[in-house]
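Novice: I'd like to ask some things about the structure below.
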Amino acid sequence: MSLPTTQRAVVVDKVLVKNEIAGVNYIDTYFRTGLYPSPKPEVLGREAAGTIAALGPETEQSGLQVGDRVIWLANGGYAEYSAVPAAKTLKLPDALSYEDATASFMSGLTVLALAKETYTVRPGDWVLLHAAAGGAGFLMTQLLKKIGAHVIGTAGGPEKVALVKSLGADHVIDYRSEEGMDWVSTVIAITGGRGVDVVYDSVGKDTWEGSLSVVKRKGTIVWFGNSSGPIPPLPLNRLSPKCVRIARPTLFGYIATREEFEQYANELFDLLVSGALKVSIHGLYSLADVKQAHIDLEARKTTGKVLIKVSE
């Protein structure tokens with residue numbers, strides 16, 4: 001006797017992928033520490049690239065075949081094999097390596113959604129981007145300049161500052177320097193006292209007060225991460241004096257449908273293949289060194305994307 005559709009949905013529509021490269025994202029640390037609740041034990045990792053080893057039931061309409069080079073977004077990337085939804089699995093262009101694709105996929109989809117939907121960045125906008133040398137920040141800086149925005153980035157240390165400047169940022173503040181200790185005054189001065197149109201903040205606790213200070217009247221703050229810890233409770237009346245808008249988006253809310261997923265992924269692939277978007281890889285860790293990868297990421301020792309080489 002066949003199961004009702006509602007019961008079959010948990011076991012069908014999946015493909016088995018032999019992973020080659022997995023991405024390490026800050027969200028992995030949130031699940032590991034319990035900041036974001038999830039069942040334990042669990043296999044961490046939200047993205048990986050590899051080849052399809054097998055097709056599950058009811059995947060005929062996916063267009064996927066055994067042997068296809070693919071990349072996916074789901075759970076369980078820190079593994080040699082992952083059974084993942086066909087709806088969140090895409091073929092990779094031949095021109096993209098597993099490393100470059102994984103280094104840009106989840107982060108790239110995120111920054112595209114942030115710059116196009118969460119707040120639609122326009123040419124001439126003043127944008128403050130925290131953690132501009134990180135996995136998402138590296139891509140976001142390039143995208144913002146491609147749009148034509150004025151970019152103020154923050155980063156920690158001369159090496160990261162130089163990297164962000166090389167991407168075209170108009171101003172880069174080293175928050176570890178004497179000047180950077182008062183980055184709020186610096187941003188206000190750069191914008192002639194006006195403030196920025198939008199703040200993209202993935203740092204959280206350490207920057208939230210400053211972000212509220214530097215956003216302009218009728219401006220927008222987009223919080224999309226908590227690398228320094230979650231922000232304290234925010235009374236809504238704090239937003240009233242400047243009529244500030246606050247957004248707390250998540251990527252998966254923007255790519256819930258297959259059409260949305262393909263739209264953003266294809267746009268990202270086009271940018272990468274054309275060379276309009278460059279990738280930065282901090283390092284390629286072994287699966288046995290996942291702990292060290294998380295330590296380095298949380299200590300802010302990384303620049304660009306952290307990757308795991310799953311298959312030896």
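Identifiers in this document derive from the order of the structure tokens: chains are assigned A, B, ..., residues are numbered from 1 separately in each chain, and ligands are numbered from 1 in order of occurrence.
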Quick one: residues within 8 Å of A:Ala101, only C-alpha atoms, excluding same-chain residues fewer than 4 positions away - as a PyMOL selection string?
Specialist: chain A and resi 49+71+92+96-97+105
Novice: Would you save the residues from that selection as a CSV table (one decimal), in the first residue's frame, using all heavy atoms?
Specialist:
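Everything below was put into part_2.csv:
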chain,number,residue,atom,x,y,z
A,49,ALA,N,29.3,21.1,-2.8
A,49,ALA,CA,29.3,20.8,-4.3
A,49,ALA,C,30.0,19.5,-4.5
A,49,ALA,O,30.9,19.1,-3.8
A,49,ALA,CB,30.1,21.9,-5.0
A,71,ILE,N,25.7,21.8,-7.1
A,71,ILE,CA,25.9,22.4,-5.9
A,71,ILE,C,24.5,22.5,-5.2
A,71,ILE,O,23.5,22.6,-5.9
A,71,ILE,CB,26.5,23.8,-6.0
A,71,ILE,CG1,26.9,24.4,-4.7
A,71,ILE,CG2,25.5,24.8,-6.8
A,71,ILE,CD1,27.9,25.6,-4.8
A,92,LEU,N,26.1,22.7,-12.0
A,92,LEU,CA,27.1,23.8,-12.1
A,92,LEU,C,27.5,24.0,-13.5
A,92,LEU,O,27.7,23.1,-14.3
A,92,LEU,CB,28.3,23.4,-11.3
A,92,LEU,CG,28.3,23.6,-9.8
A,92,LEU,CD1,29.6,23.1,-9.2
A,92,LEU,CD2,28.1,25.1,-9.5
A,96,LEU,N,32.8,26.7,-13.9
A,96,LEU,CA,33.0,26.9,-12.4
A,96,LEU,C,33.6,25.7,-11.7
A,96,LEU,O,33.0,24.6,-11.8
A,96,LEU,CB,31.7,27.3,-11.8
A,96,LEU,CG,31.2,28.8,-11.9
A,96,LEU,CD1,29.9,29.0,-11.1
A,96,LEU,CD2,32.3,29.7,-11.4
A,97,SER,N,34.6,25.9,-11.0
A,97,SER,CA,35.2,24.8,-10.2
A,97,SER,C,34.3,24.6,-8.9
A,97,SER,O,33.6,25.5,-8.5
A,97,SER,CB,36.6,25.2,-9.8
A,97,SER,OG,36.7,26.3,-8.9
A,105,PHE,N,28.6,30.5,-3.2
A,105,PHE,CA,27.2,30.2,-3.4
A,105,PHE,C,26.2,30.7,-2.4
A,105,PHE,O,25.4,31.6,-2.6
A,105,PHE,CB,27.0,28.7,-3.5
A,105,PHE,CG,25.7,28.2,-4.2
A,105,PHE,CD1,25.3,28.7,-5.4
A,105,PHE,CD2,24.8,27.4,-3.5
A,105,PHE,CE1,24.1,28.4,-6.0
A,105,PHE,CE2,23.6,27.0,-4.1
A,105,PHE,CZ,23.3,27.5,-5.3
Novice: Can you pull out every residue within 6 Å of stretch 28-45 of chain A, counting only C-alpha atoms, but drop anything in the same chain fewer than 6 positions away, and send it as a list of chain:residue names?
Specialist: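 Once the nearby chain positions are removed, what remains is A:Asn75, A:Gly76, A:Gly77, A:Tyr78.
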Novice: Quick one: which stretch 188-246 of chain A residues come within 7 Å of stretch 110-129 of chain A, and what is the nearest atom pair for each with the distance in Å to one decimal, counting only C-alpha atoms, rows ordered by chain and ascending number, as JSON lines?
Specialist:
{"residue": "A:Val196", "atom": "CA", "partner": "A:Trp126", "partner_atom": "CA", "distance": 4.9}
{"residue": "A:Asp197", "atom": "CA", "partner": "A:Trp126", "partner_atom": "CA", "distance": 5.3}
{"residue": "A:Val198", "atom": "CA", "partner": "A:Val127", "partner_atom": "CA", "distance": 5.2}
{"residue": "A:Val199", "atom": "CA", "partner": "A:Leu128", "partner_atom": "CA", "distance": 4.7}
{"residue": "A:Tyr200", "atom": "CA", "partner": "A:Leu129", "partner_atom": "CA", "distance": 5.0}
{"residue": "A:Asp201", "atom": "CA", "partner": "A:Leu129", "partner_atom": "CA", "distance": 6.4}
Novice: Report the closest atom pair, with its distance in Å rounded to one decimal, for each residue of stretch 128-154 of chain A that has an atom no farther than 12 Å from stretch 226-238 of chain A; count only C-alpha atoms, sort by chain and then rising residue number, and write it as CSV.
Specialist:
residue,atom,partner,partner_atom,distance
A:His130,CA,A:Ser227,CA,10.7
A:Ala131,CA,A:Ser227,CA,9.4
A:Gly134,CA,A:Ser227,CA,10.8
Novice: Which one of A:Thr59, A:Ile221, A:Pro158, A:Leu143 sits closest to A:Glu267 if you count only C-alpha atoms?
Specialist: A:Leu143
Novice: Return as a ChimeraX atom specification the full set of residues in stretch 97-292 of chain A whose backbone-based DSSP assignment is strand (DSSP E or B).
Specialist: /A:126-129,134,150-155,171-174,196-201,215-223,245-247,281-286
Novice: Which residues come within 7 Å of A:Phe224, counting only C-alpha atoms, excluding same-chain residues fewer than 6 positions away, as a list in words?
Specialist: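 Residues meeting the cut-off are Asp201, Ser202, Arg248, Pro249 and Thr250 of chain A.
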Novice: Next, dump the selected residues to file, keeping only N, CA and C atoms, as an mmCIF file, in the first residue's frame.
Specialist:
data_model
loop_
_atom_site.group_PDB
_atom_site.id
_atom_site.type_symbol
_atom_site.label_atom_id
_atom_site.label_comp_id
_atom_site.auth_asym_id
_atom_site.auth_seq_id
_atom_site.Cartn_x
_atom_site.Cartn_y
_atom_site.Cartn_z
ATOM 1 N N ASP A 201 24.761 44.913 8.371
ATOM 2 C CA ASP A 201 25.465 44.577 9.606
ATOM 3 C C ASP A 201 25.345 43.090 9.898
ATOM 4 N N SER A 202 26.460 42.370 9.781
ATOM 5 C CA SER A 202 26.486 40.951 10.125
ATOM 6 C C SER A 202 27.250 40.708 11.420
ATOM 7 N N ARG A 248 15.517 42.059 9.394
ATOM 8 C CA ARG A 248 16.299 40.905 9.854
ATOM 9 C C ARG A 248 15.989 39.729 8.930
ATOM 10 N N PRO A 249 16.611 39.726 7.737
ATOM 11 C CA PRO A 249 16.255 38.722 6.730
ATOM 12 C C PRO A 249 17.025 37.418 6.898
ATOM 13 N N THR A 250 16.557 36.405 6.193
ATOM 14 C CA THR A 250 17.289 35.147 6.057
ATOM 15 C C THR A 250 17.206 34.729 4.594
#
Novice: Give me, as a list in words, all polymer residues having an atom no more than 6 Å from A:Val15, counting only C-alpha atoms and skipping those fewer than 2 positions away in the same chain.
Specialist: Ala54, Leu55, Gly56, Ala83, Val84 and Ala86 of chain A
Novice: I'd like the contact shell of A:Leu239 - 10 Å cut-off, only C-alpha atoms, skipping same-chain residues fewer than 5 positions apart - returned as a PyMOL selection string.
Specialist: chain A and resi 212+217-218+234+244-246
Novice: Using only C-alpha atoms, pick whichever of A:Gly275, A:Asp182, A:Glu298, A:Val215 has the shortest atom-to-atom distance to A:Ile27.
Specialist: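 Looking only at the distances to A:Ile27, the closest residue turns out to be A:Glu298.
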Novice: Given the choices A:Asp68, A:Tyr81, A:Asp174, A:Ser62, which gets closest to A:Ala48 if the distance is worked out from only C-alpha atoms?
Specialist: A:Tyr81
Novice: From the list A:Val187, A:Gly67, A:Ala256, A:Leu144, which residue is nearest A:Gly168 when using only C-alpha atoms?
Specialist: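 Of A:Val187, A:Gly67, A:Ala256, A:Leu144, the one nearest A:Gly168 is A:Leu144, counting only C-alpha atoms.
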